[in-house]
file protein.cif (mmCIF, C-alpha atoms and all ligand atoms)
data_start
#
loop_
_atom_site.label_atom_id
_atom_site.label_comp_id
_atom_site.auth_asym_id
_atom_site.auth_seq_id
_atom_site.Cartn_x
_atom_site.Cartn_y
_atom_site.Cartn_z
CA MET A 112 0.00 0.00 0.00
CA SER A 113 1.49 3.34 -1.03
CA ALA A 114 1.67 6.29 1.34
CA LEU A 115 0.52 8.71 -1.36
CA PRO A 116 -3.29 8.82 -1.49
CA GLY A 117 -4.75 7.26 -4.65
CA LEU A 118 -1.47 5.97 -6.02
CA ASP A 119 -2.59 2.34 -5.84
CA ASP A 120 -5.92 3.07 -7.51
CA CYS A 121 -4.65 3.48 -11.09
CA VAL A 122 -5.98 0.62 -13.25
CA HIS A 123 -3.86 1.68 -16.28
CA CYS A 124 -6.95 2.12 -18.45
CA GLY A 125 -5.46 5.08 -20.32
CA LEU A 126 -8.71 7.08 -20.39
CA CYS A 127 -6.75 10.08 -19.13
CA LEU A 128 -4.26 10.05 -22.01
CA PRO A 129 -6.26 11.95 -24.65
CA VAL A 130 -6.95 14.90 -22.33
CA CYS A 131 -3.41 15.39 -21.00
CA PRO A 132 -1.83 18.49 -22.63
CA THR A 133 1.76 17.47 -22.00
CA TYR A 134 1.12 14.09 -23.66
CA ALA A 135 -0.43 15.87 -26.64
CA ILE A 136 2.90 17.56 -27.36
CA ASP A 137 5.24 14.75 -26.29
CA ARG A 138 3.90 11.21 -26.75
CA ARG A 139 6.09 9.62 -24.12
CA GLU A 140 4.66 7.64 -21.19
CA SER A 141 6.54 9.90 -18.75
CA GLN A 142 4.46 12.82 -20.06
CA ASN A 143 1.01 11.38 -19.30
CA PRO A 144 -0.92 10.84 -16.04
CA ARG A 145 -0.56 7.04 -16.07
CA GLY A 146 3.21 7.29 -16.53
CA ARG A 147 3.48 9.94 -13.81
CA ILE A 148 1.59 7.71 -11.38
CA ALA A 149 3.87 4.78 -12.29
CA ALA A 150 6.93 6.98 -11.67
CA LEU A 151 5.59 8.12 -8.30
CA ARG A 152 4.91 4.50 -7.30
CA ALA A 153 8.38 3.39 -8.33
CA ILE A 154 9.92 6.17 -6.22
CA GLU A 155 7.58 5.53 -3.29
CA GLU A 156 8.23 1.79 -3.26
CA GLY A 157 11.98 2.28 -3.56
CA ARG A 158 12.18 0.51 -6.93
CA SER A 159 13.65 3.61 -8.50
CA ALA A 160 15.67 6.57 -7.30
CA PRO A 161 14.19 10.03 -7.98
CA THR A 162 16.46 10.53 -11.00
CA PRO A 163 16.48 13.90 -12.83
CA GLY A 164 14.64 12.20 -15.73
CA LEU A 165 11.80 10.93 -13.52
CA LEU A 166 11.55 14.25 -11.68
CA ARG A 167 11.43 16.17 -14.95
CA GLY A 168 8.43 14.14 -16.17
CA LEU A 169 6.69 14.86 -12.86
CA ASP A 170 7.60 18.54 -12.89
CA ASP A 171 6.25 18.90 -16.42
CA CYS A 172 2.73 18.24 -15.07
CA LEU A 173 0.69 21.45 -15.26
CA VAL A 174 -1.67 20.30 -12.48
CA CYS A 175 -4.44 21.29 -14.88
CA ARG A 176 -6.56 18.43 -13.47
CA ALA A 177 -8.02 17.44 -16.85
CA CYS A 178 -7.04 13.82 -16.09
CA GLU A 179 -9.10 13.93 -12.89
CA SER A 180 -12.33 14.46 -14.83
CA ALA A 181 -11.48 11.53 -17.14
CA CYS A 182 -10.31 9.08 -14.46
CA PRO A 183 -12.77 6.32 -13.44
CA SER A 184 -10.75 5.66 -10.26
CA GLY A 185 -11.17 9.20 -8.96
CA ILE A 186 -7.43 9.86 -8.68
CA SER A 187 -6.52 13.41 -7.69
CA MET A 188 -3.44 14.43 -9.66
CA GLU A 189 -3.44 17.73 -7.79
CA GLY A 190 -3.28 15.87 -4.47
CA LEU A 191 -0.48 13.59 -5.70
CA MET A 192 1.58 16.44 -7.14
CA MET A 193 1.12 18.62 -4.06
CA GLU A 194 2.35 15.80 -1.81
CA HIS A 195 5.20 14.80 -4.13
CA ARG A 196 6.44 18.38 -4.58
CA SER A 197 6.17 18.99 -0.86
CA ARG A 198 8.28 15.91 -0.07
CA THR A 199 10.97 16.70 -2.62
CA SER A 200 10.99 20.44 -1.97
CA ASP A 201 14.14 20.66 0.13
CA ALA A 202 16.15 18.41 -2.20
CA ARG A 203 15.66 20.78 -5.17
CA SER A 204 18.43 23.20 -5.97
CA ASP A 205 17.94 23.99 -9.67
CA GLY A 206 17.71 27.71 -10.42
CA ARG A 207 14.13 27.78 -11.68
CA THR A 208 12.70 25.87 -8.71
CA VAL A 209 14.63 28.03 -6.23
CA ALA A 210 13.46 31.23 -7.98
CA GLU A 211 9.86 30.02 -8.13
CA ARG A 212 9.83 29.17 -4.43
CA TRP A 213 11.39 32.52 -3.50
CA PHE A 214 8.77 34.29 -5.61
CA LEU A 215 5.93 32.37 -3.96
CA ARG A 216 7.27 32.69 -0.40
CA ALA A 217 8.70 36.20 -0.34
CA VAL A 218 6.73 38.09 -3.01
CA VAL A 219 3.29 36.60 -3.68
CA SER A 220 2.56 35.89 -0.01
CA SER A 221 2.90 39.55 1.02
CA PRO A 222 0.70 42.22 -0.66
CA GLY A 223 3.23 45.03 0.07
CA VAL A 224 6.21 43.15 -1.41
CA LEU A 225 4.11 42.02 -4.40
CA ASP A 226 3.13 45.60 -5.09
CA ARG A 227 6.76 46.80 -5.09
CA PHE A 228 7.79 43.84 -7.25
CA LEU A 229 5.05 44.53 -9.80
CA GLY A 230 5.91 48.23 -9.77
CA VAL A 231 9.41 47.32 -10.98
CA ALA A 232 7.94 44.81 -13.48
CA ARG A 233 5.57 47.47 -14.81
CA LEU A 234 8.43 49.87 -15.34
CA GLY A 235 10.57 47.21 -17.03
CA ARG A 236 7.70 46.12 -19.22
CA SER A 237 7.02 49.65 -20.41
CA LEU A 238 10.71 50.36 -21.11
CA LEU A 239 11.66 47.12 -22.85
CA PRO A 240 10.39 46.15 -26.30
CA ALA A 241 7.66 43.47 -26.25
CA ALA A 242 9.86 41.21 -28.42
CA LEU A 243 12.25 40.79 -25.48
CA LEU A 244 9.48 39.79 -23.10
CA PRO A 245 7.03 37.82 -25.23
CA ASP A 246 5.36 35.91 -22.36
CA THR A 247 4.87 38.73 -19.91
CA PRO A 248 1.73 40.81 -19.51
CA GLY A 249 1.53 44.34 -20.86
CA PRO A 250 1.77 47.24 -18.36
CA SER A 251 -1.98 47.92 -18.60
CA ARG A 252 -2.67 44.56 -16.95
CA LEU A 253 -0.13 45.08 -14.15
CA ARG A 254 -2.06 47.70 -12.25
CA PRO A 255 -0.95 49.20 -8.96
CA ALA A 256 -2.99 48.06 -5.95
CA ARG A 257 -5.94 50.21 -5.01
CA ALA A 258 -6.65 51.08 -1.40
CA ALA A 259 -9.22 48.73 0.12
CA SER A 260 -12.55 50.40 -0.31
CA PRO A 261 -16.18 49.39 -0.58
CA PRO A 262 -17.60 49.29 -4.10
CA ALA A 263 -18.97 52.63 -5.21
CA ALA A 264 -22.75 53.01 -5.09
CA THR A 265 -24.48 51.74 -8.18
CA SER A 266 -28.01 51.83 -9.52
CA ARG A 267 -30.12 49.09 -7.96
CA LEU A 268 -32.72 47.12 -9.79
CA SER A 269 -34.20 45.60 -6.68
CA THR A 270 -34.92 46.98 -3.22
CA GLU A 271 -35.17 43.47 -1.78
CA THR A 272 -31.83 42.31 -0.32
CA LYS A 273 -30.77 38.98 -1.79
CA GLY A 274 -28.07 38.32 0.83
CA ARG A 275 -24.58 39.43 1.87
CA ALA A 276 -21.72 38.66 -0.48
CA VAL A 277 -18.00 39.27 -0.02
CA LEU A 278 -15.63 39.25 -3.01
CA LEU A 279 -12.07 37.92 -2.77
CA ARG A 280 -9.44 40.36 -4.02
CA GLY A 281 -6.55 37.89 -3.88
CA CYS A 282 -2.90 38.71 -4.69
CA ILE A 283 -1.97 38.46 -8.39
CA ALA A 284 -5.70 38.52 -9.21
CA ASP A 285 -5.95 41.84 -7.38
CA ARG A 286 -3.45 43.40 -9.80
CA VAL A 287 -4.56 41.62 -12.98
CA GLN A 288 -8.34 41.66 -12.62
CA ASP A 289 -9.02 44.34 -10.03
CA ARG A 290 -11.38 46.05 -12.47
CA GLU A 291 -13.31 42.79 -12.94
CA THR A 292 -13.70 42.42 -9.15
CA ARG A 293 -15.19 45.89 -8.96
CA LEU A 294 -17.49 45.17 -11.92
CA ALA A 295 -18.65 41.98 -10.18
CA ALA A 296 -19.40 44.09 -7.08
CA ARG A 297 -21.47 46.48 -9.21
CA LEU A 298 -23.36 43.65 -10.88
CA LEU A 299 -24.19 41.88 -7.63
CA SER A 300 -25.17 45.14 -5.96
CA HIS A 301 -27.34 46.06 -8.96
CA PHE A 302 -29.24 42.80 -8.54
CA GLY A 303 -29.84 43.25 -4.83
CA PHE A 304 -26.87 41.78 -2.95
CA GLU A 305 -25.17 43.63 -0.11
CA VAL A 306 -21.58 43.55 -1.33
CA SER A 307 -18.20 44.07 0.29
CA ILE A 308 -14.70 43.49 -1.09
CA SER A 309 -12.04 41.71 1.01
CA ALA A 310 -8.62 43.08 1.91
CA PRO A 311 -5.91 42.08 -0.61
CA GLY A 312 -3.97 38.94 0.21
CA CYS A 313 -2.97 35.56 -1.14
CA CYS A 314 -5.22 32.47 -0.68
CA GLY A 315 -2.33 30.00 -1.12
CA ALA A 316 -3.45 28.51 -4.46
CA LEU A 317 -0.10 28.98 -6.23
CA GLN A 318 1.89 27.74 -3.21
CA ARG A 319 -0.32 24.64 -3.07
CA HIS A 320 0.57 23.75 -6.66
CA SER A 321 4.24 24.11 -6.01
CA GLY A 322 4.19 21.90 -2.92
CA LEU A 323 4.57 24.69 -0.33
CA VAL A 324 1.71 23.08 1.55
CA ASP A 325 2.29 24.53 5.05
CA LEU A 326 2.45 28.05 3.65
CA ALA A 327 -0.62 27.40 1.47
CA ARG A 328 -2.56 26.19 4.53
CA GLU A 329 -1.51 29.21 6.59
CA LEU A 330 -2.48 31.67 3.84
CA SER A 331 -5.82 30.00 3.15
CA LEU A 332 -6.67 30.21 6.87
CA GLU A 333 -5.76 33.91 6.98
CA ARG A 334 -8.00 34.58 3.96
CA ALA A 335 -10.81 32.46 5.40
CA ARG A 336 -10.82 34.47 8.65
CA ASP A 337 -10.87 37.74 6.74
CA LEU A 338 -13.60 36.59 4.33
CA LEU A 339 -15.82 35.33 7.15
CA SER A 340 -15.42 38.43 9.34
CA GLY A 341 -18.55 40.15 7.94
CA GLU A 342 -20.60 36.93 8.24
CA PRO A 343 -21.40 36.75 4.52
CA ASP A 344 -23.96 34.41 2.98
CA ALA A 345 -21.80 33.98 -0.11
CA ILE A 346 -18.03 34.17 -0.72
CA VAL A 347 -17.48 35.16 -4.33
CA VAL A 348 -14.26 34.20 -6.10
CA ASP A 349 -14.04 35.08 -9.80
CA SER A 350 -10.53 33.75 -10.26
CA ALA A 351 -10.89 30.03 -11.05
CA GLY A 352 -7.55 28.96 -9.54
CA CYS A 353 -8.30 30.67 -6.20
CA GLY A 354 -11.89 29.42 -6.27
CA SER A 355 -10.74 25.85 -6.74
CA ALA A 356 -8.19 26.10 -3.89
CA LEU A 357 -10.72 27.56 -1.47
CA HIS A 358 -13.24 24.92 -2.54
CA GLU A 359 -10.95 22.13 -1.26
CA PRO A 360 -9.71 22.84 2.30
CA LEU A 361 -6.19 21.81 3.27
CA SER A 362 -7.10 21.06 6.89
CA ASP A 363 -10.04 20.39 9.21
CA ALA A 364 -10.14 24.03 10.37
CA PRO A 365 -13.84 25.00 10.56
CA GLU A 366 -13.12 28.37 8.90
CA LEU A 367 -11.79 26.61 5.78
CA HIS A 368 -14.88 24.42 5.58
CA ALA A 369 -17.18 27.42 6.09
CA VAL A 370 -15.49 29.15 3.13
CA ALA A 371 -15.79 26.01 0.99
CA GLU A 372 -19.51 25.75 1.76
CA ARG A 373 -20.25 29.39 0.99
CA GLY A 374 -17.82 29.69 -1.93
CA THR A 375 -19.23 30.56 -5.33
CA ASP A 376 -18.55 32.84 -8.30
CA THR A 377 -20.51 35.73 -9.77
CA PRO A 378 -22.20 33.73 -12.60
CA SER A 379 -23.26 30.97 -10.16
CA LEU A 380 -24.60 33.49 -7.64
CA LEU A 381 -26.52 35.40 -10.32
CA ALA A 382 -27.97 32.09 -11.52
CA THR A 383 -29.69 31.69 -8.12
CA ILE A 384 -31.84 34.79 -8.63
CA GLY A 385 -32.68 34.69 -12.35
CA LEU A 386 -31.78 37.71 -14.46
CA PRO A 387 -33.95 39.94 -16.64
CA PRO A 388 -33.02 40.30 -20.32
CA PRO A 389 -29.98 42.59 -20.64
CA PRO A 390 -30.64 46.06 -22.12
CA HIS A 391 -27.36 46.02 -24.12
CA PRO A 392 -26.71 42.41 -25.23
CA ILE A 393 -23.19 41.52 -26.33
CA PRO A 394 -22.96 40.99 -30.10
CA GLY A 395 -22.17 37.32 -30.75
CA PRO A 396 -20.56 35.05 -31.38
CA VAL A 397 -18.60 34.69 -28.15
CA VAL A 398 -16.13 31.87 -27.57
CA PHE A 399 -15.89 30.57 -24.00
CA ALA A 400 -12.48 29.20 -22.94
CA PRO A 401 -13.16 27.75 -19.48
CA PRO A 402 -10.14 27.84 -17.15
CA CYS A 403 -8.93 24.34 -16.17
CA HIS A 404 -9.67 24.90 -12.49
CA GLN A 405 -13.20 25.94 -13.30
CA SER A 406 -13.75 22.82 -15.46
CA HIS A 407 -12.06 20.31 -13.16
CA GLY A 408 -11.89 22.06 -9.75
CA THR A 409 -15.01 24.08 -8.91
CA ARG A 410 -16.84 22.48 -11.87
CA SER A 411 -18.89 25.63 -12.30
CA THR A 412 -18.59 26.15 -16.06
CA GLU A 413 -22.28 25.60 -16.73
CA ALA A 414 -23.32 28.73 -14.79
CA THR A 415 -20.78 30.85 -16.70
CA ARG A 416 -21.84 29.42 -20.02
CA SER A 417 -25.52 30.05 -19.21
CA LEU A 418 -24.75 33.64 -18.19
CA LEU A 419 -22.85 34.21 -21.44
CA GLU A 420 -25.75 32.74 -23.43
CA HIS A 421 -28.20 34.98 -21.54
CA ILE A 422 -26.30 38.20 -22.25
CA THR A 423 -25.20 37.45 -25.83
CA GLU A 424 -27.18 38.20 -28.94
CA GLY A 425 -25.99 35.30 -31.06
CA GLU A 426 -24.07 32.16 -30.47
CA VAL A 427 -21.84 31.19 -27.53
CA VAL A 428 -19.42 28.43 -28.51
CA LEU A 429 -16.94 26.41 -26.48
CA LEU A 430 -13.30 26.66 -27.52
CA PRO A 431 -12.43 23.49 -29.49
CA GLY A 432 -10.41 21.14 -27.25
CA GLU A 433 -11.39 23.26 -24.25
CA GLU A 434 -10.09 20.60 -21.83
CA GLN A 435 -6.52 21.31 -23.02
CA CYS A 436 -4.71 23.85 -20.86
CA CYS A 437 -3.51 27.11 -22.51
CA GLY A 438 -0.15 26.66 -20.76
CA ALA A 439 -0.40 29.50 -18.23
CA ALA A 440 -1.14 27.19 -15.27
CA GLY A 441 -0.12 29.25 -12.25
CA THR A 442 3.66 29.69 -12.31
CA TYR A 443 4.17 27.03 -15.02
CA PHE A 444 4.92 29.69 -17.64
CA LEU A 445 7.90 30.73 -15.49
CA ARG A 446 9.01 27.20 -14.58
CA ARG A 447 8.62 25.58 -17.99
CA PRO A 448 8.64 28.50 -20.47
CA ALA A 449 9.29 26.47 -23.65
CA LYS A 450 6.55 23.92 -22.96
CA SER A 451 4.18 26.64 -21.79
CA ARG A 452 4.76 28.55 -25.06
CA GLN A 453 4.12 25.41 -27.10
CA LEU A 454 0.82 24.86 -25.30
CA GLY A 455 -0.08 28.50 -25.92
CA GLU A 456 0.56 28.10 -29.64
CA ARG A 457 -1.67 25.01 -29.71
CA ALA A 458 -4.40 26.95 -27.86
CA LYS A 459 -4.23 29.69 -30.47
CA GLU A 460 -4.51 27.09 -33.25
CA ARG A 461 -7.69 25.80 -31.59
CA TRP A 462 -9.07 29.36 -31.51
CA GLU A 463 -8.30 29.62 -35.25
CA ARG A 464 -9.94 26.25 -35.90
CA GLY A 465 -13.02 27.44 -34.00
CA GLY A 466 -13.55 30.28 -36.50
CA ARG A 467 -11.37 33.07 -35.02
CA VAL A 468 -14.24 34.39 -32.91
CA LYS A 469 -13.57 38.02 -31.97
CA THR A 470 -14.75 37.90 -28.34
CA LEU A 471 -13.11 35.35 -26.07
CA ALA A 472 -14.35 34.96 -22.49
CA THR A 473 -12.30 33.36 -19.71
CA GLY A 474 -12.42 33.83 -15.94
CA ASN A 475 -8.97 33.51 -14.43
CA PRO A 476 -6.05 35.99 -14.22
CA GLY A 477 -3.46 33.61 -15.70
CA CYS A 478 -5.78 32.67 -18.58
CA LEU A 479 -6.65 36.34 -19.25
CA LEU A 480 -2.95 37.23 -19.45
CA ARG A 481 -2.17 34.22 -21.62
CA TRP A 482 -5.00 34.81 -24.10
CA GLU A 483 -4.30 38.55 -24.28
CA SER A 484 -0.70 37.72 -25.11
CA LEU A 485 -1.71 35.09 -27.70
CA LEU A 486 -4.27 37.25 -29.49
CA ARG A 487 -2.74 40.71 -29.07
CA ARG A 488 -1.87 41.03 -32.75
CA GLU A 489 -5.30 39.90 -33.98
CA PRO A 490 -7.28 42.94 -35.13
CA GLY A 491 -10.58 43.61 -33.38
CA VAL A 492 -10.26 40.74 -30.91
CA GLU A 493 -11.27 41.23 -27.28
CA VAL A 494 -10.30 38.91 -24.43
CA ALA A 495 -12.63 39.53 -21.50
CA HIS A 496 -13.66 38.11 -18.16
CA PRO A 497 -17.31 36.91 -18.31
CA VAL A 498 -18.09 39.41 -15.53
CA THR A 499 -16.93 42.31 -17.75
CA LEU A 500 -19.26 41.21 -20.54
CA ALA A 501 -22.17 40.84 -18.10
CA ALA A 502 -21.54 44.30 -16.61
CA ARG A 503 -21.47 45.74 -20.14
CA ALA A 504 -24.71 44.01 -21.08
CA TYR A 505 -26.44 45.57 -18.05
CA GLY A 506 -24.99 49.04 -18.71
CA LEU A 507 -22.70 49.01 -15.64
CA GLU A 508 -19.26 48.89 -17.25
CA SER A 509 -18.85 52.58 -18.00
CA GLU A 510 -19.23 53.37 -14.25
CA GLU A 511 -15.94 51.57 -13.56
CA ARG A 512 -12.59 52.64 -15.04
S1 LIG B 1 -2.81 17.35 -14.30
FE1 LIG B 1 -2.87 17.90 -16.50
S2 LIG B 1 -0.71 17.84 -17.17
FE2 LIG B 1 -0.81 16.78 -15.18
S3 LIG B 1 -1.05 14.62 -15.73
FE3 LIG B 1 -3.13 15.44 -15.43
S4 LIG B 1 -3.82 16.11 -17.48
FE4 LIG B 1 -1.58 15.81 -17.59
S1 LIG B 2 -7.69 7.29 -16.14
FE1 LIG B 2 -7.09 7.03 -13.98
S2 LIG B 2 -7.02 4.81 -13.69
FE2 LIG B 2 -7.01 5.14 -15.93
S3 LIG B 2 -4.79 5.22 -16.47
FE3 LIG B 2 -5.44 7.33 -16.09
S4 LIG B 2 -4.94 7.68 -13.91
FE4 LIG B 2 -4.93 5.44 -14.22
#

call {"tool": "encode", "arguments": {"input": "protein.cif", "output": "structure tokens"}}
result
Amino acid sequence: MSALPGLDDCVHCGLCLPVCPTYAIDRRESQNPRGRIAALRAIEEGRSAPTPGLLRGLDDCLVCRACESACPSGISMEGLMMEHRSRTSDARSDGRTVAERWFLRAVVSSPGVLDRFLGVARLGRSLLPAALLPDTPGPSRLRPARAASPPAATSRLSTETKGRAVLLRGCIADRVQDRETRLAARLLSHFGFEVSISAPGCCGALQRHSGLVDLARELSLERARDLLSGEPDAIVVDSAGCGSALHEPLSDAPELHAVAERGTDTPSLLATIGLPPPPHPIPGPVVFAPPCHQSHGTRSTEATRSLLEHITEGEVVLLPGEEQCCGAAGTYFLRRPAKSRQLGERAKERWERGGRVKTLATGNPGCLLRWESLLRREPGVEVAHPVTLAARAYGLESEER
């Protein structure tokens, strides 16, 4: 019996192979879920040393979780990778792993340090030509942090209060999709919710992926206490990676379970009240590229798709091969830049195959950055968070700059 949960449950059926993005670009067994599980077992049972080759195959996993949705044995690749990376953490001394861990421990975990770091990045990005930094976001997406403040008053459609909702600001999400958080606050307020926005701060999702489990647990508990302080009915997280992490508590702490029970996103919360027809529908078609952690973590894509269909005049289509990760995957684009770029190119090809639809909706900071970077030279194309499109359809977008 293996000490890693689920490791003995693989029946080698191979149903996970067609959905694994790393296997799609490199058809070796070490690059698919079945091979990764076999490698972990061999290391666990002492039949093989953790050689650089075995570790590389394991590190190449994006933790996109597509294999989890395909697996009949219910194996959690996220759980396995988190445990494996946590156990091997101290033995790693390669430059990229060390840099990634420093970034996650010292920068991302502290809002003040993150802000100074992104200030320097913003300056560098605006001074250096884009050709030198092809995978980094443009300065317009790296916004300075705003002071914590309640959402500005907005027109209300209903006088009946639908409940109290608090929105997570997050860390990277707070800089990349701060505007979207404020638009979500306007939307929810417009439809009758009492809305507040949390203080900025990391929920531990990125640290969890990289095996910094103790730090991830500590950060998620800090966020949980902050989010629960106003006794909300709903905790709204519009960043799929953070939503997925908060959905699956890392300990028995009651605060973490309370957050998981009340956790939702703006489309799912709006679906509970039923929306009137939008006064300014979005011209279709719209292509929906669901983030991996929305498809395979929170599993809340249906509500987003329904919201998009409700607000769009015309067709809403799913991105062809939507289960294949775009390659952003948390800090993967820093850790495995060549593979991440390859996956990005394949994602763009799927967008082209799907008819080059001009409006692409996706609800996660990493995916927004990745798609903006992939489609930035395509004339007339907009990459938007579903919340932005909904706010526009209800005439609320122009109130928020
Ligand atoms: S999590 Fe994603 S990359 Fe990793 S094995 Fe599963 S499908 Fe492949
Ligand atoms: S689908 Fe699950 S059980 Fe089948 S090979 Fe993949 S990991 Fe193993």

call {"tool": "closest_residue", "arguments": {"input": "protein.cif", "among": "A:Ala472, A:Leu279, A:Ala440, A:Ala400", "to": "ligand LIG 1 (chain B)", "atoms": "all atoms listed in the file"}}
result
A:Ala440

call {"tool": "closest_residue", "arguments": {"input": "protein.cif", "among": "A:Ile393, A:Leu191, A:Ile148, A:Leu229", "to": "ligand LIG 2 (chain B)", "atoms": "all atoms listed in the file"}}
result
A:Ile148

call {"tool": "residues_near_ligand", "arguments": {"input": "protein.cif", "ligand": "ligand LIG 1 (chain B)", "cutoff": "10 Å", "atoms": "all atoms listed in the file", "output": "PyMOL selection string"}}
result
chain A and resi 127-135+141-148+168-182+186-192+403+407+434-436+438+440

call {"tool": "write_last_selection", "arguments": {"input": "protein.cif", "atoms": "C-alpha atoms", "output": "PDB file, in the frame of the given file"}}
result
ATOM      1  CA  CYS A 127      -6.750  10.080 -19.130  1.00  0.00           C
ATOM      2  CA  LEU A 128      -4.260  10.050 -22.010  1.00  0.00           C
ATOM      3  CA  PRO A 129      -6.260  11.950 -24.650  1.00  0.00           C
ATOM      4  CA  VAL A 130      -6.950  14.900 -22.330  1.00  0.00           C
ATOM      5  CA  CYS A 131      -3.410  15.390 -21.000  1.00  0.00           C
ATOM      6  CA  PRO A 132      -1.830  18.490 -22.630  1.00  0.00           C
ATOM      7  CA  THR A 133       1.760  17.470 -22.000  1.00  0.00           C
ATOM      8  CA  TYR A 134       1.120  14.090 -23.660  1.00  0.00           C
ATOM      9  CA  ALA A 135      -0.430  15.870 -26.640  1.00  0.00           C
ATOM     10  CA  SER A 141       6.540   9.900 -18.750  1.00  0.00           C
ATOM     11  CA  GLN A 142       4.460  12.820 -20.060  1.00  0.00           C
ATOM     12  CA  ASN A 143       1.010  11.380 -19.300  1.00  0.00           C
ATOM     13  CA  PRO A 144      -0.920  10.840 -16.040  1.00  0.00           C
ATOM     14  CA  ARG A 145      -0.560   7.040 -16.070  1.00  0.00           C
ATOM     15  CA  GLY A 146       3.210   7.290 -16.530  1.00  0.00           C
ATOM     16  CA  ARG A 147       3.480   9.940 -13.810  1.00  0.00           C
ATOM     17  CA  ILE A 148       1.590   7.710 -11.380  1.00  0.00           C
ATOM     18  CA  GLY A 168       8.430  14.140 -16.170  1.00  0.00           C
ATOM     19  CA  LEU A 169       6.690  14.860 -12.860  1.00  0.00           C
ATOM     20  CA  ASP A 170       7.600  18.540 -12.890  1.00  0.00           C
ATOM     21  CA  ASP A 171       6.250  18.900 -16.420  1.00  0.00           C
ATOM     22  CA  CYS A 172       2.730  18.240 -15.070  1.00  0.00           C
ATOM     23  CA  LEU A 173       0.690  21.450 -15.260  1.00  0.00           C
ATOM     24  CA  VAL A 174      -1.670  20.300 -12.480  1.00  0.00           C
ATOM     25  CA  CYS A 175      -4.440  21.290 -14.880  1.00  0.00           C
ATOM     26  CA  ARG A 176      -6.560  18.430 -13.470  1.00  0.00           C
ATOM     27  CA  ALA A 177      -8.020  17.440 -16.850  1.00  0.00           C
ATOM     28  CA  CYS A 178      -7.040  13.820 -16.090  1.00  0.00           C
ATOM     29  CA  GLU A 179      -9.100  13.930 -12.890  1.00  0.00           C
ATOM     30  CA  SER A 180     -12.330  14.460 -14.830  1.00  0.00           C
ATOM     31  CA  ALA A 181     -11.480  11.530 -17.140  1.00  0.00           C
ATOM     32  CA  CYS A 182     -10.310   9.080 -14.460  1.00  0.00           C
ATOM     33  CA  ILE A 186      -7.430   9.860  -8.680  1.00  0.00           C
ATOM     34  CA  SER A 187      -6.520  13.410  -7.690  1.00  0.00           C
ATOM     35  CA  MET A 188      -3.440  14.430  -9.660  1.00  0.00           C
ATOM     36  CA  GLU A 189      -3.440  17.730  -7.790  1.00  0.00           C
ATOM     37  CA  GLY A 190      -3.280  15.870  -4.470  1.00  0.00           C
ATOM     38  CA  LEU A 191      -0.480  13.590  -5.700  1.00  0.00           C
ATOM     39  CA  MET A 192       1.580  16.440  -7.140  1.00  0.00           C
ATOM     40  CA  CYS A 403      -8.930  24.340 -16.170  1.00  0.00           C
ATOM     41  CA  HIS A 407     -12.060  20.310 -13.160  1.00  0.00           C
ATOM     42  CA  GLU A 434     -10.090  20.600 -21.830  1.00  0.00           C
ATOM     43  CA  GLN A 435      -6.520  21.310 -23.020  1.00  0.00           C
ATOM     44  CA  CYS A 436      -4.710  23.850 -20.860  1.00  0.00           C
ATOM     45  CA  GLY A 438      -0.150  26.660 -20.760  1.00  0.00           C
ATOM     46  CA  ALA A 440      -1.140  27.190 -15.270  1.00  0.00           C
TER      47      ALA A 440
END

call {"tool": "axis_aligned_box", "arguments": {"input": "protein.cif", "around": "ligand LIG 2 (chain B)", "padding_each_side": "8 Å", "output": "AutoDock Vina command-line options"}}
result
--center_x -6.2 --center_y 6.2 --center_z -15.1 --size_x 18.9 --size_y 18.9 --size_z 18.8

call {"tool": "atom_distance", "arguments": {"input": "protein.cif", "atom1": "CA of Ile283 in chain A", "atom2": "CA of Val219 in chain A"}}
result
7.3 Å

call {"tool": "atom_distance", "arguments": {"input": "protein.cif", "atom1": "CA of Leu339 in chain A", "atom2": "CA of Ala316 in chain A"}}
result
18.3 Å

call {"tool": "residues_around", "arguments": {"input": "protein.cif", "residues": "Arg410 in chain A", "least_positions_apart": "5", "cutoff": "12 Å", "atoms": "only C-alpha atoms", "output": "ChimeraX atom specification"}}
result
/A:176-177,179-180,351-352,354-355,358,375-376,379,401-405,415-416

call {"tool": "residues_around", "arguments": {"input": "protein.cif", "residues": "Leu386 in chain A", "least_positions_apart": "5", "cutoff": "9 Å", "atoms": "all atoms listed in the file", "output": "ChimeraX atom specification"}}
result
/A:302,381,418,421

call {"tool": "closest_residue", "arguments": {"input": "protein.cif", "among": "A:Gly322, A:Gly303, A:Gly491, A:Gly477", "to": "Ala276 in chain A", "atoms": "all atoms listed in the file"}}
result
A:Gly303

call {"tool": "closest_residue", "arguments": {"input": "protein.cif", "among": "A:Ser184, A:Ser406, A:Thr412, A:Ser159", "to": "His123 in chain A", "atoms": "all atoms listed in the file"}}
result
A:Ser184

call {"tool": "residues_around", "arguments": {"input": "protein.cif", "residues": "Arg152 in chain A", "least_positions_apart": "6", "cutoff": "12 Å", "atoms": "only C-alpha atoms", "output": "compact mmCIF listing (two decimals) with C-alpha atoms, keeping the file's coordinate frame"}}
result
# COMPACT_ATOMS: atom_id res chain seq x y z
CA MET A 112 0.00 0.00 0.00
CA SER A 113 1.49 3.34 -1.03
CA ALA A 114 1.67 6.29 1.34
CA LEU A 115 0.52 8.71 -1.36
CA PRO A 116 -3.29 8.82 -1.49
CA GLY A 117 -4.75 7.26 -4.65
CA LEU A 118 -1.47 5.97 -6.02
CA ASP A 119 -2.59 2.34 -5.84
CA ASP A 120 -5.92 3.07 -7.51
CA CYS A 121 -4.65 3.48 -11.09
CA ARG A 145 -0.56 7.04 -16.07
CA GLY A 146 3.21 7.29 -16.53
CA ARG A 158 12.18 0.51 -6.93
CA SER A 159 13.65 3.61 -8.50
CA ALA A 160 15.67 6.57 -7.30
CA PRO A 161 14.19 10.03 -7.98
CA LEU A 165 11.80 10.93 -13.52
CA LEU A 169 6.69 14.86 -12.86
CA LEU A 191 -0.48 13.59 -5.70
CA HIS A 195 5.20 14.80 -4.13
